[in-house]
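K.L.:
First the structure, which I've put down as structure tokens, then a few questions once you've had a look.
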Amino acid sequence: MSESGRKVVIGIGLLLATGALIGWSYGHVERGLLIAALLILVWMLRSLIIFERSIHSGEFNAFQYGDGIWQQMASRFRYERDRGDRYKSQRLQLLKEIRRSTRAMPDGAIILDEQLEIITCNRAAKTLVGLKPKKDRGQRVDNIIRDPALTELLRADDPTMTVDIESPMQDSAWLNCRLVPYGAGQKLLIIRDVTERIRLNKMRRDFVANASHELRSPLTVICGYLDSLAGDAAVPEDLRQPILQMQAQAQRMSIIVADLMQLSRVESSGRAGDEEHVDVTAVLTAAARAYAGLESSPDIQVEGDASIRILGITREIESVVANLISNAVRHTPKSGHLKLCWRKAENGAELIVSDDGEGIAEEHIPRLTERFFRVDRGRSREGGGIGLGLAIVKHILQRHDARLEISSTPGQGSEFRCCFPAARISAAT
Ligand code: ADP
């Protein structure tokens with residue numbers, strides 16, 4: 001018990017004892033005790049009423065001094081109230097600071113509550129997506145900015161995920177959105193104008209598509225002439241070797257141009273069209289058969305579950321398989337082994353191409369699907385690759401809602417796993 005509590009108990013005890021003593025001197029102890037108890041009750045009630053009034057008025061003058069229990073309670077109450085005021089003004093100050101700093105930000109910032117309803121936003125958000133803070137407060141943000149990609153971002157609730165959406169305010173403008181946790185249970189939707197990046201990307205894609213398209217016709221002519229020259233017995237012996245070299249290089253250029261055209265196509269068109277139920281086991285078997293007779297090819301084993309199909313474009317699935325197998329063959333010695341597998345997985349199905357070849361160092365793995373990335377540029381030049389194969393694979397898989405997982409250990413081999421979602425899988429009829 002606290003000191004003041006002890007004093008109250010002693011005071012009450014003394015008053016009761018005094019009442020009992022006076023009552024005893026008059027021959028009525030009980031009456032004396034009762035009167036003392038009533039006096040104590042009246043005193044306590046009075047103090048309680050004054051305290052209750054003080055709480056409402058905020059004035060504690062009646063309990064200013066002394067160390068009684070009421071003074072103690074009043075001083076505690078005053079302390080908590082002042083602390084609350086201080087905390088409130090600190091919060092207000094902080095809120096002002098946040099408003100001031102977000103106002104200076106070129107990116108839009110929208111603060112959302114747990115239900116993804118708008119609490120407030122900065123000036124840039126008003127300009128970028130046309131928010132009206134007073135009118136739109138309390139509305140779900142995807143009711144104001146209607147875009148399937150944004151809905152997906154809100155549903156995923158992944159701070160590393162970003163989506164590009166078309167600006168609701170301006171034609172041909174693009175916005176990049178990211179959702180990050182903010183405060184207690186709140187979310188911050190950051191919106192950035194990426195029109196310039198998207199425009200440059202489109203220009204690059206268009207340039208590559210046009211240039212490779214324009215190169216295709218002259219290359220076909222050059223290849224045609226070189227093919228006939230290579231087979232012409234009348235060509236002088238000293239020209240035969242240079243012609244064969246030119247023919248090999250022209251064929252390599254044709255492959256590069258074809259790869260560039262395919263990459264442009266799968267990069268620029270969003271979703272796969274003309275879909276059918278692709279028999280992946282048949283695709284794997286045909287691809288393995290094409291390598292079976294080759295001198296430098298390692299042993300290739302196929303394990304396919306013919307009961308499942310992918311809903312997709314046969315030509316593109318064939319391209320994924322061809323790219324993965326040609327890489328594996330190129331990076332595995334003749335004495336090595338390749339395994340092509342198509343099977344059900346936990347949430348869909350997976351197509352795996354694995355080898356026990358040279359493998360890839362860990363630091364290169366995150367960059368493998370970048371355009372023109374090659375681990376060993378010198379060797380690739382001799383071997384034919386220009387670093388487009390895995391970029392094509394990645395884009396085709398994206399068009400089929402699938403993803404590529406790569407694992408590898410130098411000296412032991414690599415595994416390329418294409419994971420297809422359940423929505424893309426169907427049973428063979
Ligand atoms: P490329 O046309 O040069 O093969 P890719 O995009 O297909 O380009 O592959 C990128 C790089 O990844 C290659 O240069 C190669 O070094 C590496 N790579 C791909 N597949 C394998 C594999 N199965 N084993 C070892 N390295 C591989």
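In the structure tokens, the first chain shown is A, the next is B, and so on; residue numbers restart at 1 for each chain, and ligands run from 1 in the order shown.
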Show me which residues line ligand 1, defined as having an atom within 6 Å of a ligand atom where only C-alpha atoms and all ligand atoms count, and present them as a ChimeraX atom specification.

P.N.:
/A:327-328,331,358-360,368-369,373-376,380,385-391,414

K.L.:
Using only C-alpha atoms, which residues sit within 9 Å of segment 38-46 of chain A once same-chain residues fewer than 3 positions away are excluded, as a PyMOL selection string?

P.N.:
chain A and resi 12+15-16+33-35+49-51

K.L.:
I need the chosen residues saved as a PDB file, in the first residue's frame, with N, CA, C and O atoms.

P.N.:
ATOM      1  N   ILE A  12      -9.082   6.767   9.098  1.00  0.00           N
ATOM      2  CA  ILE A  12     -10.429   6.187   9.255  1.00  0.00           C
ATOM      3  C   ILE A  12     -10.490   5.379  10.556  1.00  0.00           C
ATOM      4  O   ILE A  12     -11.442   5.491  11.350  1.00  0.00           O
ATOM      5  N   LEU A  15     -10.663   7.772  13.513  1.00  0.00           N
ATOM      6  CA  LEU A  15     -12.002   8.387  13.613  1.00  0.00           C
ATOM      7  C   LEU A  15     -13.024   7.414  14.202  1.00  0.00           C
ATOM      8  O   LEU A  15     -13.809   7.763  15.080  1.00  0.00           O
ATOM      9  N   LEU A  16     -12.966   6.153  13.703  1.00  0.00           N
ATOM     10  CA  LEU A  16     -13.904   5.142  14.207  1.00  0.00           C
ATOM     11  C   LEU A  16     -13.652   4.881  15.701  1.00  0.00           C
ATOM     12  O   LEU A  16     -14.588   4.787  16.510  1.00  0.00           O
ATOM     13  N   LEU A  33     -19.920   4.681  16.925  1.00  0.00           N
ATOM     14  CA  LEU A  33     -19.258   4.116  15.726  1.00  0.00           C
ATOM     15  C   LEU A  33     -20.002   4.520  14.455  1.00  0.00           C
ATOM     16  O   LEU A  33     -19.404   4.932  13.461  1.00  0.00           O
ATOM     17  N   LEU A  34     -21.368   4.445  14.523  1.00  0.00           N
ATOM     18  CA  LEU A  34     -22.195   4.760  13.356  1.00  0.00           C
ATOM     19  C   LEU A  34     -22.017   6.215  12.934  1.00  0.00           C
ATOM     20  O   LEU A  34     -21.838   6.523  11.745  1.00  0.00           O
ATOM     21  N   ILE A  35     -22.046   7.129  13.943  1.00  0.00           N
ATOM     22  CA  ILE A  35     -21.888   8.569  13.618  1.00  0.00           C
ATOM     23  C   ILE A  35     -20.515   8.808  12.979  1.00  0.00           C
ATOM     24  O   ILE A  35     -20.381   9.515  11.969  1.00  0.00           O
ATOM     25  N   ILE A  49     -17.053  14.302  -5.071  1.00  0.00           N
ATOM     26  CA  ILE A  49     -17.789  15.245  -5.927  1.00  0.00           C
ATOM     27  C   ILE A  49     -16.849  16.348  -6.416  1.00  0.00           C
ATOM     28  O   ILE A  49     -16.826  16.696  -7.607  1.00  0.00           O
ATOM     29  N   ILE A  50     -16.016  16.887  -5.489  1.00  0.00           N
ATOM     30  CA  ILE A  50     -15.075  17.959  -5.902  1.00  0.00           C
ATOM     31  C   ILE A  50     -14.109  17.417  -6.961  1.00  0.00           C
ATOM     32  O   ILE A  50     -13.819  18.071  -7.969  1.00  0.00           O
ATOM     33  N   PHE A  51     -13.654  16.176  -6.763  1.00  0.00           N
ATOM     34  CA  PHE A  51     -12.691  15.589  -7.713  1.00  0.00           C
ATOM     35  C   PHE A  51     -13.331  15.417  -9.095  1.00  0.00           C
ATOM     36  O   PHE A  51     -12.729  15.725 -10.126  1.00  0.00           O
TER      37      PHE A  51
END

K.L.:
Could you please write out, as a VMD selection string, every residue of segment 204-356 of chain A that DSSP assigns to alpha helix (DSSP H)?

P.N.:
chain A and resid 204 to 230 237 to 268 280 to 292 314 to 330

K.L.:
Within 12 Å of segment 227-233 of chain A, counting only C-alpha atoms, which residues qualify if same-chain residues fewer than 2 places away don't, as a ChimeraX atom specification?

P.N.:
/A:219-225,235-237,239-251

K.L.:
Export, as a PDB file, in the first residue's frame, the selected residues with N, CA and C atoms.

P.N.:
ATOM      1  N   LEU A 219      19.815 -10.521 -95.945  1.00  0.00           N
ATOM      2  CA  LEU A 219      20.532 -11.690 -95.427  1.00  0.00           C
ATOM      3  C   LEU A 219      20.108 -12.969 -96.141  1.00  0.00           C
ATOM      4  N   THR A 220      18.822 -13.055 -96.445  1.00  0.00           N
ATOM      5  CA  THR A 220      18.332 -14.252 -97.144  1.00  0.00           C
ATOM      6  C   THR A 220      19.011 -14.346 -98.513  1.00  0.00           C
ATOM      7  N   VAL A 221      19.139 -13.184 -99.177  1.00  0.00           N
ATOM      8  CA  VAL A 221      19.779 -13.174-100.498  1.00  0.00           C
ATOM      9  C   VAL A 221      21.243 -13.602-100.361  1.00  0.00           C
ATOM     10  N   ILE A 222      21.959 -12.988 -99.362  1.00  0.00           N
ATOM     11  CA  ILE A 222      23.388 -13.315 -99.177  1.00  0.00           C
ATOM     12  C   ILE A 222      23.550 -14.814 -98.892  1.00  0.00           C
ATOM     13  N   CYS A 223      22.707 -15.341 -97.990  1.00  0.00           N
ATOM     14  CA  CYS A 223      22.800 -16.760 -97.638  1.00  0.00           C
ATOM     15  C   CYS A 223      22.563 -17.629 -98.874  1.00  0.00           C
ATOM     16  N   GLY A 224      21.564 -17.220 -99.683  1.00  0.00           N
ATOM     17  CA  GLY A 224      21.238 -17.993-100.886  1.00  0.00           C
ATOM     18  C   GLY A 224      22.443 -18.082-101.814  1.00  0.00           C
ATOM     19  N   TYR A 225      23.080 -16.892-102.097  1.00  0.00           N
ATOM     20  CA  TYR A 225      24.249 -16.888-102.992  1.00  0.00           C
ATOM     21  C   TYR A 225      25.391 -17.704-102.403  1.00  0.00           C
ATOM     22  N   VAL A 235      34.162 -23.139-108.336  1.00  0.00           N
ATOM     23  CA  VAL A 235      34.815 -22.111-107.507  1.00  0.00           C
ATOM     24  C   VAL A 235      36.275 -22.514-107.260  1.00  0.00           C
ATOM     25  N   PRO A 236      37.226 -21.562-107.486  1.00  0.00           N
ATOM     26  CA  PRO A 236      38.643 -21.910-107.287  1.00  0.00           C
ATOM     27  C   PRO A 236      38.906 -22.399-105.856  1.00  0.00           C
ATOM     28  N   GLU A 237      39.834 -23.282-105.701  1.00  0.00           N
ATOM     29  CA  GLU A 237      40.125 -23.938-104.417  1.00  0.00           C
ATOM     30  C   GLU A 237      40.482 -22.924-103.319  1.00  0.00           C
ATOM     31  N   LEU A 239      39.410 -20.030-102.870  1.00  0.00           N
ATOM     32  CA  LEU A 239      38.249 -19.247-102.379  1.00  0.00           C
ATOM     33  C   LEU A 239      37.270 -20.105-101.562  1.00  0.00           C
ATOM     34  N   ARG A 240      37.437 -21.424-101.653  1.00  0.00           N
ATOM     35  CA  ARG A 240      36.476 -22.340-101.007  1.00  0.00           C
ATOM     36  C   ARG A 240      36.379 -22.088 -99.487  1.00  0.00           C
ATOM     37  N   GLN A 241      37.546 -22.000 -98.825  1.00  0.00           N
ATOM     38  CA  GLN A 241      37.551 -21.823 -97.350  1.00  0.00           C
ATOM     39  C   GLN A 241      36.880 -20.500 -96.930  1.00  0.00           C
ATOM     40  N   PRO A 242      37.287 -19.347 -97.560  1.00  0.00           N
ATOM     41  CA  PRO A 242      36.606 -18.090 -97.187  1.00  0.00           C
ATOM     42  C   PRO A 242      35.097 -18.140 -97.428  1.00  0.00           C
ATOM     43  N   ILE A 243      34.676 -18.815 -98.507  1.00  0.00           N
ATOM     44  CA  ILE A 243      33.229 -18.883 -98.790  1.00  0.00           C
ATOM     45  C   ILE A 243      32.521 -19.680 -97.697  1.00  0.00           C
ATOM     46  N   LEU A 244      33.144 -20.791 -97.275  1.00  0.00           N
ATOM     47  CA  LEU A 244      32.524 -21.603 -96.213  1.00  0.00           C
ATOM     48  C   LEU A 244      32.401 -20.789 -94.909  1.00  0.00           C
ATOM     49  N   GLN A 245      33.463 -20.015 -94.638  1.00  0.00           N
ATOM     50  CA  GLN A 245      33.423 -19.166 -93.423  1.00  0.00           C
ATOM     51  C   GLN A 245      32.329 -18.118 -93.520  1.00  0.00           C
ATOM     52  N   MET A 246      32.241 -17.482 -94.702  1.00  0.00           N
ATOM     53  CA  MET A 246      31.189 -16.461 -94.905  1.00  0.00           C
ATOM     54  C   MET A 246      29.819 -17.094 -94.755  1.00  0.00           C
ATOM     55  N   GLN A 247      29.659 -18.324 -95.273  1.00  0.00           N
ATOM     56  CA  GLN A 247      28.360 -19.007 -95.198  1.00  0.00           C
ATOM     57  C   GLN A 247      27.994 -19.263 -93.723  1.00  0.00           C
ATOM     58  N   ALA A 248      29.001 -19.729 -92.932  1.00  0.00           N
ATOM     59  CA  ALA A 248      28.728 -20.030 -91.512  1.00  0.00           C
ATOM     60  C   ALA A 248      28.321 -18.751 -90.774  1.00  0.00           C
ATOM     61  N   GLN A 249      29.068 -17.653 -91.057  1.00  0.00           N
ATOM     62  CA  GLN A 249      28.781 -16.397 -90.355  1.00  0.00           C
ATOM     63  C   GLN A 249      27.436 -15.805 -90.786  1.00  0.00           C
ATOM     64  N   ALA A 250      27.112 -15.967 -92.078  1.00  0.00           N
ATOM     65  CA  ALA A 250      25.822 -15.439 -92.557  1.00  0.00           C
ATOM     66  C   ALA A 250      24.678 -16.219 -91.916  1.00  0.00           C
ATOM     67  N   GLN A 251      24.885 -17.545 -91.741  1.00  0.00           N
ATOM     68  CA  GLN A 251      23.838 -18.349 -91.088  1.00  0.00           C
ATOM     69  C   GLN A 251      23.694 -17.926 -89.627  1.00  0.00           C
TER      70      GLN A 251
END

K.L.:
Pick out each residue of segment 80-207 of chain A that DSSP on the backbone tags as strand (DSSP E or B); I need them as a PyMOL selection string.

P.N.:
chain A and resi 108-112+117-121+140+162-166+174-182+186-193

K.L.:
Can you list, as a short mmCIF file (atom, residue, chain, number, x, y, z; two decimals) with C-alpha atoms, in the first residue's frame, every protein, DNA or RNA residue that comes within 12 Å of Ile111 of chain A when you count only C-alpha atoms, leaving out same-chain residues fewer than 3 positions away?

P.N.:
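Result file out03.cif:
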data_model
loop_
_atom_site.label_atom_id
_atom_site.label_comp_id
_atom_site.auth_asym_id
_atom_site.auth_seq_id
_atom_site.Cartn_x
_atom_site.Cartn_y
_atom_site.Cartn_z
CA ILE A 98 5.24 14.58 -43.11
CA ARG A 99 2.81 16.76 -45.06
CA THR A 102 5.53 14.73 -49.08
CA GLY A 108 2.58 10.83 -55.63
CA GLU A 114 -6.10 -1.23 -43.39
CA GLN A 115 -9.15 -1.42 -45.69
CA LEU A 116 -7.14 0.35 -48.43
CA GLU A 117 -9.32 3.42 -48.02
CA ILE A 118 -7.76 6.82 -48.67
CA ILE A 119 -6.69 8.79 -45.57
CA THR A 120 -4.73 11.58 -47.25
CA CYS A 121 -2.43 12.25 -50.20
CA ASN A 122 0.18 14.74 -51.31
CA ALA A 125 -0.89 12.42 -56.19
CA PRO A 133 -8.52 14.50 -50.93
CA ARG A 137 -11.26 10.46 -48.37
CA GLY A 138 -12.66 7.16 -47.07
CA GLN A 139 -13.05 5.64 -50.56
CA ARG A 140 -11.16 2.49 -51.55
CA VAL A 141 -8.27 3.57 -53.77
CA LEU A 179 2.60 -0.35 -52.08
CA VAL A 180 4.70 -0.24 -48.91
CA PRO A 181 3.74 -0.73 -45.24
CA TYR A 182 3.38 2.56 -43.38
CA GLY A 183 2.59 3.37 -39.74
CA ALA A 184 0.38 1.07 -37.68
CA GLY A 185 -1.49 -1.11 -40.19
CA GLN A 186 -1.49 1.66 -42.82
CA LYS A 187 -0.12 1.50 -46.38
CA LEU A 188 1.66 4.06 -48.54
CA LEU A 189 0.91 3.90 -52.27
CA ILE A 190 3.80 5.54 -54.12
CA ILE A 191 3.08 6.65 -57.68
#

K.L.:
If I take atom CA of Arg178 of chain A and atom CA of Lys202 of chain A, how far is one from the other in Å, to one decimal?

P.N.:
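For atom CA of Arg178 of chain A relative to atom CA of Lys202 of chain A, the distance reads 22.0 Å.
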
K.L.:
Could you tell me how far atom CA of Leu128 of chain A lies from atom CA of Met169 of chain A, in Å and to one decimal?

P.N.:
6.8 Å

K.L.:
Applying 7 Å and only C-alpha atoms, which residues near segment 299-303 of chain A remain after dropping the ones on its own chain fewer than 6 positions away? List them as a ChimeraX atom specification.

P.N.:
/A:284-285,288,336-342

K.L.:
Calculate how many Å separate atom CA of Gly23 of chain A from atom CA of Gly68 of chain A, rounding to one decimal.

P.N.:
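If I compute the distance from atom CA of Gly23 of chain A to atom CA of Gly68 of chain A, I get 27.8 Å.
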
K.L.:
Which residues come within 12 Å of Pro168 of chain A, counting only C-alpha atoms, excluding same-chain residues fewer than 3 positions away, as a list in words?

P.N.:
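Here the qualifying residues turn out to be Ala125, Lys126, Thr127, Leu128, Val129, Gly130, Leu131, Ile144, Ile145, Arg146, Asp147, Ile165, Asp171, Ser172, Ala173, Trp174, Leu175 and Asp193 of chain A.
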
K.L.:
Can you list, as number ranges by chain, every protein, DNA or RNA residue that comes within 12 Å of Cys419 of chain A when you count only C-alpha atoms, leaving out same-chain residues fewer than 6 positions away?

P.N.:
A: 310, 341-353, 394, 397-398, 400-406, 425

K.L.:
Using only C-alpha atoms, which residues of segment 229-290 of chain A come within 6 Å of segment 204-216 of chain A, and what is the closest atom pair for each, with the distance in Å to one decimal? Give it as JSON lines, sorted by chain and residue number.

P.N.:
{"residue": "A:Val257", "atom": "CA", "partner": "A:Ser212", "partner_atom": "CA", "distance": 5.4}
{"residue": "A:Met261", "atom": "CA", "partner": "A:Ala209", "partner_atom": "CA", "distance": 5.6}
{"residue": "A:Ser264", "atom": "CA", "partner": "A:Ala209", "partner_atom": "CA", "distance": 5.6}

K.L.:
Please write the residues from the selection above to a file, keeping N, CA, C and O atoms, as a compact mmCIF listing (two decimals), in the first residue's frame.

P.N.:
# COMPACT_ATOMS: atom_id res chain seq x y z
N VAL A 257 19.27 -12.53 -86.15
CA VAL A 257 18.16 -11.68 -86.59
C VAL A 257 16.82 -12.33 -86.23
O VAL A 257 15.89 -11.67 -85.74
N MET A 261 14.01 -10.78 -83.73
CA MET A 261 12.62 -10.58 -84.15
C MET A 261 11.66 -11.30 -83.20
O MET A 261 10.63 -10.75 -82.82
N SER A 264 11.47 -9.30 -79.92
CA SER A 264 10.62 -8.10 -80.08
C SER A 264 9.16 -8.48 -80.06
O SER A 264 8.34 -7.80 -79.44
